$ cat model_28.txt   # compact mmCIF, C-alpha atoms
# COMPACT_ATOMS: atom_id res chain seq x y z
CA MET A 1 135.62 193.97 174.17
CA MET A 2 135.84 190.65 172.36
CA LYS A 3 137.70 191.02 169.06
CA ILE A 4 136.78 188.94 166.02
CA LEU A 5 138.59 188.93 162.68
CA CYS A 6 136.90 187.60 159.53
CA VAL A 7 139.60 186.43 157.13
CA CYS A 8 139.71 185.72 153.41
CA GLY A 9 142.39 185.59 150.72
CA LEU A 10 142.36 189.25 149.74
CA GLY A 11 140.36 190.96 152.49
CA GLN A 12 138.06 192.56 149.91
CA GLY A 13 134.85 190.69 149.19
CA THR A 14 134.53 187.36 150.89
CA SER A 15 135.59 188.43 154.36
CA LEU A 16 133.32 191.47 154.18
CA ILE A 17 130.31 189.27 153.39
CA LEU A 18 131.26 187.04 156.30
CA ARG A 19 131.71 190.05 158.57
CA ILE A 20 128.28 191.50 157.75
CA ASN A 21 126.63 188.14 158.47
CA VAL A 22 128.66 187.58 161.66
CA GLU A 23 127.69 191.05 162.92
CA ASN A 24 124.03 190.29 162.23
CA VAL A 25 124.20 186.96 164.06
CA LEU A 26 126.04 188.47 167.06
CA ARG A 27 123.42 191.19 167.32
CA GLU A 28 120.73 188.50 167.29
CA MET A 29 122.59 186.63 170.03
CA GLY A 30 122.95 189.83 172.06
CA ILE A 31 126.75 189.62 172.03
CA GLU A 32 128.86 192.76 171.70
CA ALA A 33 132.08 192.38 169.78
CA ASP A 34 134.51 194.31 167.66
CA VAL A 35 134.36 192.63 164.22
CA GLU A 36 136.88 193.42 161.48
CA ASN A 37 137.82 191.81 158.17
CA THR A 38 141.19 191.37 156.52
CA ASP A 39 143.30 189.17 154.25
CA VAL A 40 145.07 186.03 155.33
CA SER A 41 148.62 187.42 155.33
CA SER A 42 147.69 190.46 157.45
CA ALA A 43 145.81 188.15 159.81
CA SER A 44 148.96 186.31 160.81
CA ALA A 45 150.29 189.52 162.42
CA GLU A 46 147.09 190.21 164.38
CA HIS A 47 145.91 188.70 167.64
CA PRO A 48 142.14 188.90 167.95
CA ASP A 49 140.27 186.57 170.29
CA TYR A 50 138.74 184.71 167.37
CA ILE A 51 139.38 184.32 163.67
CA ILE A 52 136.50 183.23 161.48
CA THR A 53 137.37 181.82 158.06
CA SER A 54 136.82 178.96 155.62
CA ASN A 55 138.31 175.52 156.04
CA GLU A 56 140.48 176.26 152.99
CA LEU A 57 142.24 179.20 154.66
CA ALA A 58 142.23 177.82 158.20
CA GLN A 59 145.05 175.51 157.19
CA SER A 60 147.34 178.42 156.40
CA LEU A 61 146.56 179.94 159.81
CA GLU A 62 147.58 176.83 161.73
CA GLY A 63 149.47 177.62 164.90
CA HIS A 64 147.91 181.11 165.15
CA SER A 65 147.36 182.31 168.72
CA SER A 66 143.70 183.17 168.08
CA LYS A 67 140.98 180.56 168.29
CA ILE A 68 139.94 179.67 164.75
CA ILE A 69 136.27 179.19 163.87
CA ILE A 70 135.43 177.59 160.52
CA VAL A 71 132.38 178.50 158.45
CA ASN A 72 131.63 176.62 155.21
CA ASN A 73 128.51 178.35 153.88
CA TYR A 74 128.92 182.12 154.15
CA PHE A 75 125.28 182.79 153.35
CA ASP A 76 123.87 180.39 155.94
CA THR A 77 123.33 182.45 159.07
CA ASN A 78 122.16 179.32 160.91
CA GLU A 79 125.54 177.68 160.33
CA ILE A 80 127.32 180.86 161.43
CA LYS A 81 125.18 181.02 164.57
CA THR A 82 125.84 177.37 165.42
CA ALA A 83 129.59 177.85 164.89
CA LEU A 84 129.63 180.95 167.10
CA GLU A 85 127.58 179.31 169.85
CA ALA A 86 129.89 176.30 169.88
CA ASN A 87 133.08 178.35 170.04
CA LEU A 88 132.57 181.65 171.86
CA ALA A 89 133.53 181.24 175.46
CA MET B 1 127.62 200.66 140.21
CA LYS B 2 126.55 197.89 137.84
CA PHE B 3 124.79 194.93 139.42
CA LEU B 4 123.72 191.94 137.30
CA GLU B 5 122.43 193.91 134.35
CA GLU B 6 121.49 191.93 131.27
CA SER B 7 124.85 192.47 129.57
CA LEU B 8 126.57 191.14 132.72
CA ILE B 9 124.78 187.78 132.69
CA ALA B 10 125.53 184.66 130.64
CA LEU B 11 123.60 181.43 131.08
CA ASP B 12 124.93 177.92 130.44
CA VAL B 13 128.48 178.75 129.60
CA GLU B 14 130.87 175.88 128.86
CA ALA B 15 133.91 175.85 131.15
CA ASN B 16 136.29 172.97 131.66
CA SER B 17 138.19 174.39 134.62
CA PRO B 18 137.86 176.93 137.44
CA GLU B 19 140.21 179.22 135.50
CA GLU B 20 137.92 179.19 132.45
CA ALA B 21 134.89 179.88 134.64
CA ILE B 22 136.66 182.80 136.35
CA ILE B 23 137.84 184.28 133.03
CA SER B 24 134.30 184.00 131.71
CA THR B 25 132.84 186.15 134.53
CA GLY B 26 135.78 188.55 134.37
CA THR B 27 135.40 188.95 130.60
CA LEU B 28 131.77 190.04 131.02
CA LEU B 29 132.99 192.80 133.33
CA LYS B 30 135.82 193.72 130.97
CA ASN B 31 133.58 193.85 127.89
CA ASN B 32 131.35 196.31 129.74
CA LYS B 33 134.45 198.40 130.53
CA LEU B 34 133.90 197.96 134.26
CA VAL B 35 137.29 196.37 134.86
CA GLU B 36 140.59 196.20 132.96
CA GLU B 37 142.19 193.09 131.53
CA THR B 38 144.71 193.24 134.38
CA TYR B 39 141.86 192.68 136.84
CA VAL B 40 140.68 189.53 135.05
CA ASN B 41 144.23 188.18 135.18
CA ALA B 42 144.42 189.05 138.88
CA MET B 43 141.19 187.13 139.54
CA VAL B 44 142.80 183.99 138.09
CA HIS B 45 146.04 184.69 139.91
CA SER B 46 144.21 184.98 143.24
CA PHE B 47 142.63 181.57 142.71
CA LYS B 48 146.03 180.06 141.95
CA THR B 49 147.62 181.74 144.98
CA ASN B 50 144.90 181.60 147.63
CA GLY B 51 142.85 178.63 146.47
CA PRO B 52 139.08 178.22 146.22
CA TYR B 53 138.11 179.95 149.49
CA PHE B 54 135.77 182.23 147.48
CA VAL B 55 133.41 179.30 146.87
CA LEU B 56 131.10 180.77 149.48
CA ALA B 57 128.24 178.31 149.56
CA PRO B 58 127.17 175.12 147.78
CA ASN B 59 127.14 175.87 144.00
CA ILE B 60 128.28 179.48 144.44
CA ALA B 61 131.65 181.08 143.69
CA LEU B 62 132.59 184.76 143.94
CA PRO B 63 135.93 185.24 142.18
CA HIS B 64 137.46 188.69 142.51
CA ALA B 65 140.72 190.60 142.94
CA ARG B 66 141.73 193.90 144.55
CA PRO B 67 140.53 197.39 143.56
CA GLU B 68 144.10 198.35 142.58
CA ASP B 69 144.21 195.49 140.05
CA GLY B 70 142.07 197.61 137.69
CA VAL B 71 138.43 198.27 138.63
CA ASN B 72 136.60 201.23 137.04
CA GLU B 73 133.30 200.80 138.87
CA ALA B 74 131.81 198.55 141.57
CA CYS B 75 130.16 195.70 139.69
CA VAL B 76 128.94 192.09 139.70
CA SER B 77 128.54 189.72 136.73
CA PHE B 78 126.96 186.28 136.67
CA VAL B 79 127.83 183.17 134.69
CA ARG B 80 125.87 179.97 135.04
CA LEU B 81 127.97 177.01 134.01
CA LYS B 82 126.46 174.45 131.68
CA THR B 83 128.14 171.65 133.59
CA PRO B 84 129.29 171.93 137.22
CA VAL B 85 133.00 172.57 137.74
CA LYS B 86 135.04 171.44 140.74
CA PHE B 87 137.04 174.30 142.25
CA GLY B 88 138.66 172.10 144.90
CA HIS B 89 136.52 173.33 147.81
CA SER B 90 136.06 170.64 150.43
CA TYR B 91 132.48 171.51 151.29
CA ASN B 92 130.82 173.62 148.58
CA ASP B 93 131.96 171.91 145.35
CA PRO B 94 130.94 171.62 142.56
CA VAL B 95 130.24 175.15 141.34
CA ARG B 96 127.49 176.14 138.90
CA LEU B 97 126.85 179.79 139.74
CA VAL B 98 129.84 182.11 139.33
CA PHE B 99 129.54 185.77 140.33
CA GLY B 100 132.40 187.96 139.14
CA LEU B 101 132.95 190.76 141.61
CA GLY B 102 134.65 193.97 140.58
CA ALA B 103 135.88 195.08 143.99
CA SER B 104 136.04 198.85 144.20
CA SER B 105 137.31 200.90 147.10
CA SER B 106 134.20 203.09 147.04
CA ILE B 107 131.19 202.86 149.33
CA GLU B 108 129.37 201.24 146.39
CA HIS B 109 131.48 198.13 147.01
CA VAL B 110 129.56 197.49 150.23
CA THR B 111 126.27 198.21 148.48
CA VAL B 112 126.86 195.64 145.71
CA LEU B 113 127.90 193.04 148.28
CA GLN B 114 124.75 193.70 150.30
CA LYS B 115 122.64 193.32 147.17
CA LEU B 116 124.40 190.06 146.39
CA MET B 117 123.88 188.81 149.95
CA ALA B 118 120.20 189.69 149.81
CA LEU B 119 119.91 187.68 146.60
CA LEU B 120 121.91 184.62 147.66
CA SER B 121 120.86 184.31 151.30
CA ASP B 122 117.46 183.16 150.07
CA GLN B 123 117.69 179.52 148.97
CA GLU B 124 114.62 179.95 146.73
CA ASN B 125 116.49 182.57 144.71
CA VAL B 126 119.44 180.21 144.35
CA GLU B 127 117.12 177.49 143.03
CA LYS B 128 115.67 179.94 140.52
CA LEU B 129 119.13 181.02 139.38
CA LEU B 130 119.98 177.35 138.80
CA THR B 131 116.92 176.76 136.61
CA ALA B 132 116.04 180.10 134.98
CA GLN B 133 115.67 179.88 131.20
CA SER B 134 116.31 183.54 130.47
CA TYR B 135 117.25 186.91 131.88
CA GLU B 136 113.54 187.72 132.12
CA GLU B 137 113.19 185.03 134.78
CA ILE B 138 116.15 186.34 136.74
CA LYS B 139 115.23 190.00 136.61
CA PRO B 140 112.38 189.83 139.18
CA LEU B 141 114.79 188.32 141.73
CA LEU B 142 116.94 191.43 141.51
CA GLY B 143 114.16 193.98 141.76
CA GLY B 144 112.97 195.83 144.81
CA GLN B 145 116.47 196.10 146.24
CA GLU B 146 117.26 199.60 145.13

$ encode --input "model_28.txt" --output "structure tokens"
Amino acid sequence: MMKILCVCGLGQGTSLILRINVENVLREMGIEADVENTDVSSASAEHPDYIITSNELAQSLEGHSSKIIIVNNYFDTNEIKTALEANLA
Amino acid sequence: MKFLEESLIALDVEANSPEEAIISTGTLLKNNKLVEETYVNAMVHSFKTNGPYFVLAPNIALPHARPEDGVNEACVSFVRLKTPVKFGHSYNDPVRLVFGLGASSSIEHVTVLQKLMALLSDQENVEKLLTAQSYEEIKPLLGGQE
């Protein structure tokens, strides 16, 4: 199954909000995926298919083997949907 | 779990920097004995270390730290800044609405985040939070989510 990691600085609040919204959008799109959330330093040791994070943290994940998807507004499910549609193979 | 109760809300607070804004939301939590002083310091430290990634949407920041930094109970406070403050976020700056999250390791942590998402996913609620004159105007936005 496709693996997606939602990443924030601490892996506590922000990435969990993102994860809940990403799961909702994926369900709407009819896509099955394994979605987890974690902090940015743990993320560098993991190899999911996709990492979803903010522009601010994407810079510190440069060179990561996973494809990075950037979301700016974590409450805007339309933006999340557009970003997923544009990036998921 | 304490979610945006009256004693956790302050409107039109003066802050000259992101740090001051973060301390202001953290202090509301601390004064209500929901977090320890160490947690407030950790909120500021996280901003200095990890940057402004917690500016989640235009106008909206959600500073927080880790449960082990000193959280007694899952909680959220709210400070509206009198004048917008730039946190250094490339897309969502400047910030006016700051929600201080006391991140607990309990199941209530997910519940408070879901309540916060329900509130902030609706742009009309965000507009009302930006313009409300008192807690009485904010209270109806929080109701019906129990």

$ residues_around --input "model_28.txt" --residues "A:Asn72" --least-positions-apart "4" --cutoff "12 Å" --atoms "all atoms listed in the file" --output "PyMOL selection string"
(chain A and resi 14+18+52-58+76-80+82-83) or (chain B and resi 52-58+60+89-93)

$ residues_around --input "model_28.txt" --residues "B:Met1" --least-positions-apart "4" --cutoff "9 Å" --atoms "only C-alpha atoms" --output "MDAnalysis selection string"
chainID B and resid 73:76 108:109 111:112

$ closest_residue --input "model_28.txt" --among "A:Val40, A:Ala45, A:Leu5, A:Met29" --to "A:Lys81" --atoms "all atoms listed in the file"
A:Met29

$ axis_aligned_box --input "model_28.txt" --around "stretch 12-28 of chain A" --padding-each-side "4 Å" --output "AutoDock Vina command-line options"
--center_x 129.4 --center_y 189.8 --center_z 158.3 --size_x 25.3 --size_y 13.6 --size_z 26.1

$ atom_distance --input "model_28.txt" --atom1 "atom CA of B:Pro67" --atom2 "atom CA of B:Gly102"
7.4 Å

$ residues_around --input "model_28.txt" --residues "stretch 119-129 of chain B" --least-positions-apart "4" --cutoff "9 Å" --atoms "all atoms listed in the file" --output "list in words"
Tyr74, Phe75, Asp76 and Thr77 of chain A; Asn59, Ile60, Arg80, Leu97, Gln114, Lys115, Gln133, Glu137, Ile138, Leu141 and Leu142 of chain B

$ atom_distance --input "model_28.txt" --atom1 "atom CA of B:Thr49" --atom2 "atom CA of A:Glu46"
21.2 Å

$ closest_residue --input "model_28.txt" --among "B:Ala132, B:Val44, B:Met117, B:Ala15" --to "chain A" --atoms "all atoms listed in the file"
B:Met117

$ residues_around --input "model_28.txt" --residues "A:His47" --least-positions-apart "6" --cutoff "12 Å" --atoms "only C-alpha atoms" --output "list of chain:residue names"
A:Met2, A:Lys3, A:Ile4, A:Leu5, A:Glu36, A:Leu61, A:Gly63, A:His64, A:Ser65, A:Ser66, A:Lys67, A:Ile68
